[in-house]
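Let me begin by presenting the structure, written as structure tokens, before commenting on it.
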Amino acid sequence: MSNIALSQKAQKLMKLCDQKDFHNLDDLLLAALLNSGCPAICMTEGCDHTAEMEPDQDQGFCQACGGNMLVSVLVLAGLI
Ligand SMILES: [Zn+2]
């Protein structure tokens, strides 16, 4: 039996859902599309800092780890 490894992107998307209290990705994406601030999450391994970013942000500054790895949920999901 083989383990099906979730991609890093999928794992981060699920983390973001959890942290923002959304039950599924669809709800999270819908909220991101309807609101001006878009949820973003740090892609650095071991850092799951989240913040509100521009919808097309793909290298936002992370206040937790100091990297430029914050990616908006819409970019993560491949919608824009
Ligand atoms: Zn970080």
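Chain labels run A, B, ... following the order of the structure tokens; each chain numbers its residues from 1, and ligands are numbered from 1 in the order shown.
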- [ ] Mind checking which residues fall within 8 Å of range 13-22 of chain A, counting only C-alpha atoms, ignoring those fewer than 2 positions away in the same chain, and posting them as a PyMOL selection string?
- [x] chain A and resi 9-11+24-25+27-28+39-41+48+50+73+76-77
Open item on the list: Env of Ala64 in chain A: 10 Å cut, atoms = only C-alpha atoms, seq-sep filter 2 positions within chain, self excluded. Answer as number ranges by chain.
Closed with: A: 42, 47-50, 61-62, 66-67
Writing out the chosen residues with N, CA, C and O atoms as a CSV table (one decimal), in the first residue's frame:
```csv
chain,number,residue,atom,x,y,z
A,42,CYS,N,2.1,31.4,4.4
A,42,CYS,CA,3.5,31.3,4.2
A,42,CYS,C,3.9,29.9,3.6
A,42,CYS,O,3.4,28.9,4.2
A,47,CYS,N,6.5,26.7,8.6
A,47,CYS,CA,5.9,28.0,9.0
A,47,CYS,C,4.5,28.1,8.3
A,47,CYS,O,4.4,27.9,7.1
A,48,ASP,N,3.5,28.3,9.1
A,48,ASP,CA,2.1,28.4,8.6
A,48,ASP,C,1.5,29.7,8.9
A,48,ASP,O,0.3,29.8,9.2
A,49,HIS,N,2.3,30.7,8.9
A,49,HIS,CA,1.8,32.1,9.2
A,49,HIS,C,0.8,32.5,8.1
A,49,HIS,O,1.0,32.2,6.9
A,50,THR,N,-0.3,33.1,8.5
A,50,THR,CA,-1.3,33.6,7.5
A,50,THR,C,-1.5,35.1,7.7
A,50,THR,O,-1.3,35.6,8.7
A,61,PHE,N,5.7,39.3,2.2
A,61,PHE,CA,6.6,39.2,3.4
A,61,PHE,C,5.9,38.5,4.5
A,61,PHE,O,4.8,38.9,4.9
A,62,CYS,N,6.6,37.6,5.1
A,62,CYS,CA,6.1,36.8,6.2
A,62,CYS,C,6.7,37.4,7.5
A,62,CYS,O,7.9,37.4,7.7
A,66,GLY,N,10.2,35.9,8.3
A,66,GLY,CA,11.0,36.9,7.7
A,66,GLY,C,11.3,36.6,6.2
A,66,GLY,O,12.0,37.4,5.6
A,67,GLY,N,10.7,35.6,5.7
A,67,GLY,CA,10.9,35.3,4.2
A,67,GLY,C,9.9,36.0,3.4
A,67,GLY,O,9.0,36.7,3.9
```
TODO: May I ask for the distance between CA of Asp56 in chain A and CA of Leu74 in chain A, given in Å to one decimal place?
DONE: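 Computing the Euclidean distance for CA of Asp56 in chain A and CA of Leu74 in chain A yields 7.2 Å.
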TODO: To one decimal in Å, tell me the separation between CA of Ser72 in chain A and CA of Gly60 in chain A.
DONE: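 Interatomic distance here is 8.4 Å.
Nearest residue to ligand 1 among A:Cys38, A:Leu29, A:Leu79, A:Lys12 is A:Lys12, counting only C-alpha atoms and all ligand atoms.
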Task: Residue nearest ligand 1 among A:Pro55, A:Met43, A:Ile80, A:Val75 (counting only C-alpha atoms and all ligand atoms) - done: A:Met43
TODO: Please return as a list in words: the residues of chain A that backbone DSSP assigns to helix (DSSP H, G or I).
DONE: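 Those in chain A that DSSP calls helix (DSSP H, G or I) are Gln8, Lys9, Ala10, Gln11, Lys12, Leu13, Met14, Lys15, Leu16, Cys17, Asp18, Gln19, Leu25, Asp26, Asp27, Leu28, Leu29, Leu30, Ala31, Ala32, Leu33, Leu34, Val73, Leu74, Val75 and Leu76 of chain A.
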TODO: Give the answer as one residue: which of A:Asp58, A:Glu45, A:Met53, A:Gln8 has the shortest atom-to-atom distance to ligand 1, using only C-alpha atoms and all ligand atoms?
DONE: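 For ligand 1, the nearest of the given residues is A:Glu45.
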Open item on the list: Can you tell me, as a PyMOL selection string, which residues in chain A count as strand (DSSP E or B) by DSSP?
Closed with: chain A and resi 38-42+50-53+60+70-72
